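Structure file model.txt (compact mmCIF, C-alpha atoms) follows.
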```txt
# COMPACT_ATOMS: atom_id res chain seq x y z
CA ASP A 756 97.98 101.60 84.82
CA GLY A 757 95.61 104.54 85.12
CA GLY A 758 96.49 107.35 87.43
CA ILE A 759 97.62 110.90 87.98
CA THR A 760 101.18 112.04 87.40
CA GLN A 761 102.56 115.19 88.92
CA SER A 762 105.93 116.68 88.09
CA PRO A 763 108.34 117.72 89.29
CA LYS A 764 108.27 116.05 92.69
CA TYR A 765 110.56 118.70 94.14
CA LEU A 766 111.06 122.23 92.87
CA PHE A 767 113.10 125.15 94.10
CA ARG A 768 112.35 128.69 93.02
CA LYS A 769 113.86 132.06 93.60
CA GLU A 770 111.62 134.88 94.72
CA GLY A 771 110.06 136.71 91.80
CA GLN A 772 110.01 133.70 89.47
CA ASN A 773 106.94 132.02 88.07
CA VAL A 774 106.91 128.23 88.13
CA THR A 775 104.56 125.74 86.50
CA LEU A 776 103.59 122.41 88.06
CA SER A 777 102.44 119.68 85.72
CA CYS A 778 99.47 117.38 86.29
CA GLU A 779 98.44 114.69 83.82
CA GLN A 780 95.74 112.02 84.20
CA ASN A 781 94.80 109.03 82.06
CA LEU A 782 91.65 108.12 83.99
CA ASN A 783 89.35 109.84 81.48
CA HIS A 784 88.04 112.02 84.31
CA ASP A 785 86.22 115.23 83.49
CA ALA A 786 87.06 117.14 86.67
CA MET A 787 90.49 118.13 87.94
CA TYR A 788 91.61 120.02 91.03
CA TRP A 789 94.61 121.69 92.63
CA TYR A 790 95.03 121.72 96.40
CA ARG A 791 97.65 123.28 98.59
CA GLN A 792 98.73 121.50 101.77
CA ASP A 793 100.46 123.28 104.64
CA PRO A 794 101.37 121.70 107.99
CA GLY A 795 98.41 121.73 110.38
CA GLN A 796 96.07 123.31 107.84
CA GLY A 797 94.78 120.39 105.85
CA LEU A 798 94.03 120.84 102.16
CA ARG A 799 92.87 124.08 100.63
CA LEU A 800 91.40 124.28 97.14
CA ILE A 801 93.21 126.56 94.69
CA TYR A 802 91.42 125.97 91.37
CA TYR A 803 89.23 123.34 89.82
CA SER A 804 88.01 122.50 86.35
CA GLN A 805 84.90 120.53 85.50
CA ILE A 806 85.42 120.46 81.76
CA VAL A 807 87.96 121.36 79.11
CA ASN A 808 88.45 125.11 78.57
CA ASP A 809 86.67 125.97 81.79
CA PHE A 810 87.93 126.40 85.36
CA GLN A 811 86.84 128.05 88.59
CA LYS A 812 88.63 129.69 91.49
CA GLY A 813 88.77 127.83 94.75
CA ASP A 814 89.31 129.25 98.21
CA ILE A 815 92.88 130.51 97.73
CA ALA A 816 93.29 131.32 94.02
CA GLU A 817 95.20 134.58 94.43
CA GLY A 818 98.71 134.35 92.99
CA TYR A 819 97.95 131.21 90.98
CA SER A 820 96.78 130.52 87.44
CA VAL A 821 95.68 127.41 85.55
CA SER A 822 94.69 126.26 82.10
CA ARG A 823 92.66 123.31 80.84
CA GLU A 824 93.33 122.98 77.12
CA LYS A 825 93.17 119.19 77.18
CA LYS A 826 91.09 116.80 79.23
CA GLU A 827 94.21 115.00 80.46
CA SER A 828 96.17 118.04 81.60
CA PHE A 829 95.69 120.73 84.24
CA PRO A 830 98.92 122.66 84.86
CA LEU A 831 99.23 125.11 87.75
CA THR A 832 101.39 128.23 87.58
CA VAL A 833 102.56 129.73 90.83
CA THR A 834 103.20 133.36 90.02
CA SER A 835 105.44 135.89 91.71
CA ALA A 836 102.27 137.44 93.14
CA GLN A 837 101.82 134.49 95.49
CA LYS A 838 103.22 135.81 98.74
CA ASN A 839 103.92 132.52 100.49
CA PRO A 840 104.34 129.83 97.82
CA THR A 841 106.40 127.29 99.77
CA ALA A 842 104.03 124.33 100.19
CA PHE A 843 103.10 120.85 99.07
CA TYR A 844 100.80 120.94 96.03
CA LEU A 845 98.39 118.14 95.22
CA CYS A 846 96.54 117.56 91.97
CA ALA A 847 93.41 115.42 91.89
CA SER A 848 90.74 114.29 89.50
CA SER A 849 87.23 112.88 89.73
CA VAL A 850 84.60 111.40 87.47
CA GLY A 851 82.92 114.80 87.28
CA VAL A 852 79.50 116.30 86.98
CA GLY A 853 76.22 115.69 85.32
CA LEU A 854 75.60 112.03 86.02
CA ALA A 855 75.00 110.03 89.18
CA ARG A 856 77.83 107.70 88.33
CA SER A 857 79.52 105.30 90.64
CA GLY A 858 82.56 106.97 92.07
CA ALA A 859 81.20 110.49 91.77
CA GLY A 860 82.56 112.55 94.63
CA GLU A 861 85.68 110.40 95.01
CA LEU A 862 88.97 112.11 94.29
CA PHE A 863 92.08 110.45 92.92
CA PHE A 864 95.32 112.17 93.88
CA GLY A 865 98.77 112.46 92.43
CA GLU A 866 101.84 112.08 94.62
CA GLY A 867 102.33 115.80 95.01
CA SER A 868 104.91 118.44 94.20
CA ARG A 869 106.89 120.16 96.93
CA LEU A 870 107.76 123.74 96.07
CA THR A 871 110.37 125.62 98.07
CA VAL A 872 111.08 129.29 97.54
CA LEU A 873 114.65 130.25 98.33
CA GLY B 489 78.66 126.78 105.06
CA ASN B 490 79.86 123.21 104.99
CA SER B 491 82.76 122.22 107.23
CA VAL B 492 84.55 119.26 108.73
CA THR B 493 86.11 119.10 112.19
CA GLN B 494 88.36 116.25 113.21
CA MET B 495 90.31 115.59 116.36
CA GLU B 496 93.72 117.15 116.52
CA GLY B 497 96.75 114.96 116.64
CA PRO B 498 99.22 113.65 116.82
CA VAL B 499 97.84 110.36 118.05
CA THR B 500 100.41 107.83 119.26
CA LEU B 501 99.40 104.23 119.87
CA SER B 502 101.07 100.91 120.48
CA GLU B 503 100.67 98.13 117.95
CA GLU B 504 97.37 96.23 118.34
CA ALA B 505 95.70 99.10 120.19
CA PHE B 506 92.20 100.28 119.34
CA LEU B 507 91.95 103.41 117.22
CA THR B 508 89.27 106.08 117.09
CA ILE B 509 89.64 109.33 115.19
CA ASN B 510 86.65 111.60 115.65
CA CYS B 511 85.10 113.52 112.79
CA THR B 512 82.03 115.74 112.85
CA TYR B 513 80.59 117.78 110.04
CA THR B 514 78.29 120.67 109.25
CA ALA B 515 76.42 120.50 105.99
CA THR B 516 73.23 121.48 104.27
CA GLY B 517 71.53 118.74 102.33
CA TYR B 518 72.89 115.22 102.17
CA PRO B 519 76.65 115.05 101.76
CA SER B 520 78.73 111.99 101.09
CA LEU B 521 81.47 111.37 103.65
CA PHE B 522 84.99 110.09 103.11
CA TRP B 523 88.15 109.12 104.94
CA TYR B 524 91.42 109.59 103.07
CA VAL B 525 94.87 108.45 104.17
CA GLN B 526 98.21 110.06 103.35
CA TYR B 527 101.40 108.07 103.87
CA PRO B 528 104.64 110.04 104.29
CA GLY B 529 105.71 111.87 101.14
CA GLU B 530 102.72 110.73 99.12
CA GLY B 531 99.37 111.99 97.89
CA LEU B 532 96.05 111.03 99.45
CA GLN B 533 94.29 107.73 98.91
CA LEU B 534 90.65 107.00 99.52
CA LEU B 535 90.31 104.72 102.55
CA LEU B 536 86.53 104.40 102.79
CA LYS B 537 83.32 106.27 102.09
CA ALA B 538 79.60 106.41 102.91
CA THR B 539 76.94 108.07 100.83
CA LYS B 540 73.88 108.13 103.06
CA ALA B 541 72.83 108.02 106.69
CA ASP B 542 73.55 104.76 108.54
CA ASP B 543 75.87 103.52 105.78
CA LYS B 544 79.06 101.92 107.07
CA GLY B 545 82.23 102.25 105.03
CA SER B 546 84.99 99.73 105.59
CA ASN B 547 88.41 98.89 104.18
CA LYS B 548 91.65 97.32 105.45
CA GLY B 549 90.13 96.79 108.90
CA PHE B 550 89.02 100.42 109.22
CA GLU B 551 85.34 101.31 109.64
CA ALA B 552 83.23 104.45 109.86
CA THR B 553 79.47 104.86 110.14
CA TYR B 554 77.56 107.85 108.76
CA ARG B 555 75.55 109.16 111.74
CA LYS B 556 73.18 111.89 110.66
CA GLU B 557 71.70 112.37 114.14
CA THR B 558 75.12 113.25 115.59
CA THR B 559 76.59 114.57 112.29
CA SER B 560 79.58 112.31 112.78
CA PHE B 561 81.75 109.90 110.81
CA HIS B 562 84.29 108.56 113.30
CA LEU B 563 87.07 106.31 112.02
CA GLU B 564 87.81 103.13 113.98
CA LYS B 565 90.13 100.16 113.79
CA GLY B 566 90.26 97.34 116.27
CA SER B 567 93.98 96.60 116.10
CA VAL B 568 96.41 99.04 114.52
CA GLN B 569 99.71 98.12 112.91
CA VAL B 570 102.92 100.08 112.44
CA SER B 571 102.08 100.29 108.74
CA ASP B 572 98.94 102.31 109.61
CA SER B 573 101.13 105.27 110.60
CA ALA B 574 99.93 108.09 108.37
CA VAL B 575 97.81 111.23 108.31
CA TYR B 576 94.06 110.64 108.11
CA PHE B 577 91.66 113.16 106.60
CA CYS B 578 87.92 113.26 106.98
CA ALA B 579 86.06 114.91 104.08
CA LEU B 580 82.61 115.60 102.74
CA SER B 581 81.32 116.28 99.29
CA ASP B 582 79.24 119.35 98.78
CA ARG B 583 76.66 117.44 96.82
CA SER B 584 75.42 113.97 97.46
CA MET B 585 76.02 111.28 94.89
CA ASN B 586 72.29 110.70 95.04
CA TYR B 587 71.42 114.09 93.62
CA GLY B 588 72.22 113.78 89.96
CA GLY B 589 75.95 113.45 90.31
CA SER B 590 78.59 115.32 92.15
CA GLN B 591 80.87 118.15 91.30
CA GLY B 592 83.38 116.06 93.18
CA ASN B 593 84.80 118.92 95.18
CA LEU B 594 85.57 117.84 98.71
CA ILE B 595 85.86 119.80 101.93
CA PHE B 596 88.61 118.38 104.11
CA GLY B 597 89.32 118.39 107.79
CA LYS B 598 92.79 119.43 108.92
CA GLY B 599 94.06 115.87 109.22
CA THR B 600 95.08 113.71 112.16
CA LYS B 601 98.56 112.27 112.29
CA LEU B 602 98.72 108.71 113.62
CA SER B 603 101.95 107.12 114.81
CA VAL B 604 101.94 103.45 115.76
CA LYS B 605 104.87 102.15 117.81
CA PRO B 606 105.97 98.49 117.77
```
Serialized structure, structure tokens:
Amino acid sequence: DGGITQSPKYLFRKEGQNVTLSCEQNLNHDAMYWYRQDPGQGLRLIYYSQIVNDFQKGDIAEGYSVSREKKESFPLTVTSAQKNPTAFYLCASSVGVGLARSGAGELFFGEGSRLTVL
Amino acid sequence: GNSVTQMEGPVTLSEEAFLTINCTYTATGYPSLFWYVQYPGEGLQLLLKATKADDKGSNKGFEATYRKETTSFHLEKGSVQVSDSAVYFCALSDRSMNYGGSQGNLIFGKGTKLSVKP
């Protein structure tokens, strides 16, 4: 079955440590996204990538980094510079840009990764 | 800039009650509009969508109509079930599907938590 897989589902980190959250998709989607979800704040965009080897900052990119070396993969690193990293992180993908294809604009989400800083 | 405002929750209803969750938006151009649902501990799933004015999206008994004159996309269901308990997010795309494709990035409201009691 096609879909998006995030791992780990739960992660605990000590202050000062970098952690990397994995996101893999087999939907053949061009675009991938990382969102952060906090209670009462909805979803906020961290980074997105429209194509391999290219990515753009979202609204709250500070303290995070990403890479897009393969179409299927878009890992997110939460660095020690992120002041308040405890949150629920959601990865998503979409058909992407350039063509008025059916489904454009629709996001497919993974099940999320919950990061807790101790 | 573009934004989405939805009614604050939580909303608590009895089974078989009528549901309305209000959503209004601010956008330039012609956005596509979406409702996503998030069940406890999971990622978001697309519930329904509408791509142009007067379109009605529907799925699983839920409906929403794209009203350009009132810039609204209210979610309704005639008879809710306990299994509908979830958080509901209204969202818009920053480019319409009808304009040569979409970047796919969505702007989300803050979410409305629905609890349905038996």
| field | Atomic distance CA of Gly497 in chain B - CA of Leu521 in chain B, expressed in Å with one decimal | value | 20.4 Å
| task | List the residues sitting within 7 Å of (109.5, 134.9, 94.2) in the file's frame, using only C-alpha atoms, as a list in words. | result |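 Those residues, ordered by chain and then number, are Arg768, Lys769, Glu770, Gly771, Gln772, Ser835 and Val872 of chain A.
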| task | Mind giving me the straight-line distance from CA of Asn783 in chain A to CA of Val492 in chain B in Å, one decimal? | result |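 Between CA of Asn783 in chain A and CA of Val492 in chain B the gap is 29.2 Å.
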| Using only C-alpha atoms, can you list as a ChimeraX atom specification the residues within 12 Å of (94.1, 131.6, 78.7)? | /A:807-810,820-824,830,832
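Among the candidate residues B:Leu532, B:Val499, B:Val570, B:Leu507, the one lying nearest to chain A is B:Leu532, with distances computed using only C-alpha atoms.
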| query | Mind pulling up the distance from CA of Lys601 in chain B to CA of Tyr803 in chain A? | reply |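 Computing the Euclidean distance for CA of Tyr803 in chain A and CA of Lys601 in chain B yields 26.7 Å.
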| request: Using all atoms listed in the file, find the one residue out of A:Leu782, A:Tyr790, A:Gly797, A:Asn773 that sits nearest to Gly757 in chain A. | output: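 Distance minimum relative to Gly757 in chain A lands on A:Leu782.
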| task | Measuring atom to atom with only C-alpha atoms, identify which of B:Lys565, B:Lys605, B:Lys544, B:Lys598 is nearest to chain A. | result | B:Lys598
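Between chain B and the residues A:Gln796, A:Ser848, A:Ser804, A:Gln780, the shortest atom-to-atom distance, using only C-alpha atoms, involves A:Gln796.
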| request: Go through A:Gln837, A:Gln805, A:Ser777, A:Gln811 one by one, measure the shortest atom-to-atom distance of each to chain B using only C-alpha atoms, and give the residue with the smallest value. | output: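 Of A:Gln837, A:Gln805, A:Ser777, A:Gln811, the one nearest chain B is A:Gln805, counting only C-alpha atoms.
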Padded axis-aligned box of range 575-580 of chain B (6 Å per side), centre and edge lengths, Å, one decimal, as JSON:
```
{"center_x": 90.2, "center_y": 113.1, "center_z": 105.5, "size_x": 27.2, "size_y": 17.0, "size_z": 17.6}
```
| request: Would you mind listing what lies within 9 Å of Tyr788 in chain A as a ChimeraX atom specification, with only C-alpha atoms counted and same-chain residues fewer than 6 positions away left out? | output: /A:800-805,829,845-849,862 /B:593
| said: So that I can see what lies close to Arg869 in chain A, please list as a VMD selection string the residues with an atom at most 8 Å from it, counting only C-alpha atoms and leaving out residues fewer than 3 positions away in the same chain. | reply: chain A and resid 764 to 766 841 to 844
